[in-house]
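One structure is given here, and the rest of the page talks about it.
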Amino acid sequence: MIPITVNGLRRDVDVDPATPLLWVLRETLKLTGSKFGCGIGQCGACTVHLNGLPVRSCILPVSAVADAEILTIEGLSAGETLHPVQQAWLDEQVPQCGYCQSGQIMSAVALLSDNPDPSDAEINNAMNGNICRCGTYQRVRRAIRRVVQHSAVNGLEFRNKETDETV
């Protein structure tokens, strides 16, 4: 049994230690928001947070995350209340087919947790590696900008999970 903490809940999973985290999330824990895209960590569809940082779960063996905090797209919202990034995604109509969107959102949340007012270049850099076959990159940038503007107006705060500081 391998103990892992996902979305704040500790679980013991009975899998081969070499099993990629993505398959543990999807098949064992039935958390299907993270998607399989390429299997080599290049497309970003499988992005989750590991101790607050975005990682590609398709290439990360579950044995490497035993003492870490894992956050998936399912853990972002607070009940019925969407995370500000999720809401901005809807407001800006970012998804087209939607397949890559959980990875895109997880990368955007990590960016804003680290940098609450990124430039366009910083957005592009942080989102690089999240491939969208539908080409919604401009809408992704608009949604991130919307969160930044909405945060400034409404005093929204993000918590940097690495330092536990409010930003």
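Letters for chains follow the order of the structure tokens (A, B, ...), residue numbers begin at 1 for each chain, and ligand numbers begin at 1 in the order shown.
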| Test item: residues at most 12 Å from Leu29 (chain A), only C-alpha atoms, excluding those fewer than 3 positions along its chain, as a list in words |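 Within the cut-off, the hits are Ile4, Thr5, Val6, Asn7, Leu9, Arg10, Arg11, Asp12, Val13, Asp14, Val15, Leu21, Leu22, Trp23, Val24, Leu25, Arg26, Thr32, Gly33, Ser34, Thr72 and Glu74 of chain A.
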Could you dump the residues just selected with N, CA, C and O atoms as a PDB file, in the first residue's frame?
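Below is the file that was written, part.pdb:
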ATOM      1  N   ILE A   4      -1.031   8.220  -0.156  1.00  0.00           N
ATOM      2  CA  ILE A   4      -0.948   9.477  -0.899  1.00  0.00           C
ATOM      3  C   ILE A   4      -2.040  10.408  -0.378  1.00  0.00           C
ATOM      4  O   ILE A   4      -3.058   9.956   0.143  1.00  0.00           O
ATOM      5  N   THR A   5      -1.797  11.691  -0.520  1.00  0.00           N
ATOM      6  CA  THR A   5      -2.793  12.688  -0.121  1.00  0.00           C
ATOM      7  C   THR A   5      -3.240  13.428  -1.368  1.00  0.00           C
ATOM      8  O   THR A   5      -2.431  14.072  -2.046  1.00  0.00           O
ATOM      9  N   VAL A   6      -4.535  13.297  -1.683  1.00  0.00           N
ATOM     10  CA  VAL A   6      -5.096  13.908  -2.880  1.00  0.00           C
ATOM     11  C   VAL A   6      -6.266  14.798  -2.461  1.00  0.00           C
ATOM     12  O   VAL A   6      -7.192  14.331  -1.784  1.00  0.00           O
ATOM     13  N   ASN A   7      -6.199  16.044  -2.853  1.00  0.00           N
ATOM     14  CA  ASN A   7      -7.252  17.011  -2.539  1.00  0.00           C
ATOM     15  C   ASN A   7      -7.559  17.043  -1.046  1.00  0.00           C
ATOM     16  O   ASN A   7      -8.709  17.143  -0.623  1.00  0.00           O
ATOM     17  N   LEU A   9      -7.272  14.657   1.157  1.00  0.00           N
ATOM     18  CA  LEU A   9      -7.655  13.379   1.754  1.00  0.00           C
ATOM     19  C   LEU A   9      -6.530  12.365   1.616  1.00  0.00           C
ATOM     20  O   LEU A   9      -6.024  12.139   0.519  1.00  0.00           O
ATOM     21  N   ARG A  10      -6.179  11.757   2.730  1.00  0.00           N
ATOM     22  CA  ARG A  10      -5.145  10.712   2.686  1.00  0.00           C
ATOM     23  C   ARG A  10      -5.791   9.409   2.232  1.00  0.00           C
ATOM     24  O   ARG A  10      -6.845   9.016   2.717  1.00  0.00           O
ATOM     25  N   ARG A  11      -5.148   8.765   1.299  1.00  0.00           N
ATOM     26  CA  ARG A  11      -5.631   7.485   0.768  1.00  0.00           C
ATOM     27  C   ARG A  11      -4.480   6.500   0.732  1.00  0.00           C
ATOM     28  O   ARG A  11      -3.330   6.887   0.551  1.00  0.00           O
ATOM     29  N   ASP A  12      -4.802   5.226   0.894  1.00  0.00           N
ATOM     30  CA  ASP A  12      -3.824   4.158   0.709  1.00  0.00           C
ATOM     31  C   ASP A  12      -4.195   3.443  -0.585  1.00  0.00           C
ATOM     32  O   ASP A  12      -5.323   2.956  -0.723  1.00  0.00           O
ATOM     33  N   VAL A  13      -3.254   3.412  -1.523  1.00  0.00           N
ATOM     34  CA  VAL A  13      -3.531   2.783  -2.813  1.00  0.00           C
ATOM     35  C   VAL A  13      -2.684   1.527  -2.962  1.00  0.00           C
ATOM     36  O   VAL A  13      -1.503   1.516  -2.630  1.00  0.00           O
ATOM     37  N   ASP A  14      -3.314   0.495  -3.442  1.00  0.00           N
ATOM     38  CA  ASP A  14      -2.657  -0.792  -3.636  1.00  0.00           C
ATOM     39  C   ASP A  14      -2.345  -0.958  -5.117  1.00  0.00           C
ATOM     40  O   ASP A  14      -3.128  -1.531  -5.876  1.00  0.00           O
ATOM     41  N   VAL A  15      -1.216  -0.355  -5.525  1.00  0.00           N
ATOM     42  CA  VAL A  15      -0.789  -0.379  -6.925  1.00  0.00           C
ATOM     43  C   VAL A  15       0.709  -0.610  -6.975  1.00  0.00           C
ATOM     44  O   VAL A  15       1.415  -0.417  -5.988  1.00  0.00           O
ATOM     45  N   LEU A  21       1.149   8.363 -11.674  1.00  0.00           N
ATOM     46  CA  LEU A  21       0.141   8.998 -10.834  1.00  0.00           C
ATOM     47  C   LEU A  21      -1.169   9.200 -11.586  1.00  0.00           C
ATOM     48  O   LEU A  21      -2.253   9.015 -11.016  1.00  0.00           O
ATOM     49  N   LEU A  22      -1.101   9.561 -12.853  1.00  0.00           N
ATOM     50  CA  LEU A  22      -2.321   9.775 -13.639  1.00  0.00           C
ATOM     51  C   LEU A  22      -3.246   8.566 -13.576  1.00  0.00           C
ATOM     52  O   LEU A  22      -4.451   8.709 -13.392  1.00  0.00           O
ATOM     53  N   TRP A  23      -2.690   7.371 -13.720  1.00  0.00           N
ATOM     54  CA  TRP A  23      -3.533   6.168 -13.722  1.00  0.00           C
ATOM     55  C   TRP A  23      -4.071   5.866 -12.335  1.00  0.00           C
ATOM     56  O   TRP A  23      -5.176   5.358 -12.193  1.00  0.00           O
ATOM     57  N   VAL A  24      -3.325   6.189 -11.301  1.00  0.00           N
ATOM     58  CA  VAL A  24      -3.842   6.023  -9.935  1.00  0.00           C
ATOM     59  C   VAL A  24      -5.019   6.974  -9.734  1.00  0.00           C
ATOM     60  O   VAL A  24      -6.059   6.577  -9.202  1.00  0.00           O
ATOM     61  N   LEU A  25      -4.853   8.221 -10.162  1.00  0.00           N
ATOM     62  CA  LEU A  25      -5.939   9.193 -10.026  1.00  0.00           C
ATOM     63  C   LEU A  25      -7.177   8.751 -10.799  1.00  0.00           C
ATOM     64  O   LEU A  25      -8.286   8.733 -10.256  1.00  0.00           O
ATOM     65  N   ARG A  26      -6.995   8.384 -12.056  1.00  0.00           N
ATOM     66  CA  ARG A  26      -8.137   8.073 -12.923  1.00  0.00           C
ATOM     67  C   ARG A  26      -8.753   6.705 -12.628  1.00  0.00           C
ATOM     68  O   ARG A  26      -9.974   6.588 -12.529  1.00  0.00           O
ATOM     69  N   THR A  32     -11.317  11.645 -12.673  1.00  0.00           N
ATOM     70  CA  THR A  32     -11.072  11.601 -14.116  1.00  0.00           C
ATOM     71  C   THR A  32     -10.897  12.971 -14.767  1.00  0.00           C
ATOM     72  O   THR A  32     -10.873  13.073 -15.989  1.00  0.00           O
ATOM     73  N   GLY A  33     -10.754  14.025 -13.971  1.00  0.00           N
ATOM     74  CA  GLY A  33     -10.569  15.355 -14.546  1.00  0.00           C
ATOM     75  C   GLY A  33      -9.248  15.512 -15.266  1.00  0.00           C
ATOM     76  O   GLY A  33      -9.174  16.161 -16.305  1.00  0.00           O
ATOM     77  N   SER A  34      -8.193  14.931 -14.741  1.00  0.00           N
ATOM     78  CA  SER A  34      -6.890  14.970 -15.411  1.00  0.00           C
ATOM     79  C   SER A  34      -6.929  13.987 -16.569  1.00  0.00           C
ATOM     80  O   SER A  34      -7.380  12.859 -16.408  1.00  0.00           O
ATOM     81  N   THR A  72      -5.829  18.053  -7.596  1.00  0.00           N
ATOM     82  CA  THR A  72      -6.342  17.830  -8.946  1.00  0.00           C
ATOM     83  C   THR A  72      -7.395  18.885  -9.256  1.00  0.00           C
ATOM     84  O   THR A  72      -7.822  19.636  -8.374  1.00  0.00           O
ATOM     85  N   GLU A  74     -10.406  18.447  -9.564  1.00  0.00           N
ATOM     86  CA  GLU A  74     -11.585  18.207  -8.721  1.00  0.00           C
ATOM     87  C   GLU A  74     -11.466  18.879  -7.358  1.00  0.00           C
ATOM     88  O   GLU A  74     -12.478  19.160  -6.716  1.00  0.00           O
TER      89      GLU A  74
END
Determine, for each residue of region 16-58 of chain A having at least one atom at most 7 Å from an atom of region 123-130 of chain A, the closest pair of atoms and their separation in Å to one decimal, counting only C-alpha atoms; order by chain and ascending number, as a tab-separated table.
residue	atom	partner	partner_atom	distance
A:Gln42	CA	A:Gly129	CA	6.1
A:Cys43	CA	A:Asn130	CA	5.2
A:Gly44	CA	A:Asn130	CA	4.4
A:Ala45	CA	A:Asn130	CA	6.8
| Long-range neighbours of Ala88 (chain A) as a VMD selection string, 9 Å cut-off, only C-alpha atoms, 5 positions minimum in chain | chain A and resid 83 93 to 94 142 to 147
| said: Just the number, please: distance in Å from CA of Ser107 (chain A) to CA of Val55 (chain A), one decimal. | reply: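 Interatomic distance here is 8.8 Å.
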| field | Contact residues around Lys35 (chain A) with only C-alpha atoms at 8 Å, ignoring same-chain residues under 5 positions, as a list in words | value | Leu22, Ala45, Cys46, Tyr99, Cys100, Ser102 and Gly103 of chain A
| request: Using only C-alpha atoms, find the one residue out of A:Leu53, A:Gly41, A:Gly8, A:Leu60 that sits nearest to Gly75 (chain A). | output: A:Gly8
| What lies within 9 Å of Cys134 (chain A) using only C-alpha atoms, ignoring chain neighbours under 6 positions off, as a list in words? |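 The filter keeps Pro95, Gln96, Cys97 and Gly98 of chain A.
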Selected residues, N, CA and C atoms, written as a compact mmCIF listing (two decimals), in the first residue's frame, please.
# COMPACT_ATOMS: atom_id res chain seq x y z
N PRO A 95 -13.07 26.94 -23.19
CA PRO A 95 -13.07 25.59 -23.77
C PRO A 95 -13.76 25.53 -25.13
N GLN A 96 -13.19 24.77 -26.00
CA GLN A 96 -13.87 24.43 -27.24
C GLN A 96 -14.21 22.95 -27.13
N CYS A 97 -13.25 22.05 -27.33
CA CYS A 97 -13.55 20.64 -27.09
C CYS A 97 -13.41 20.31 -25.60
N GLY A 98 -12.53 21.07 -24.90
CA GLY A 98 -12.39 20.94 -23.46
C GLY A 98 -11.39 19.91 -22.97
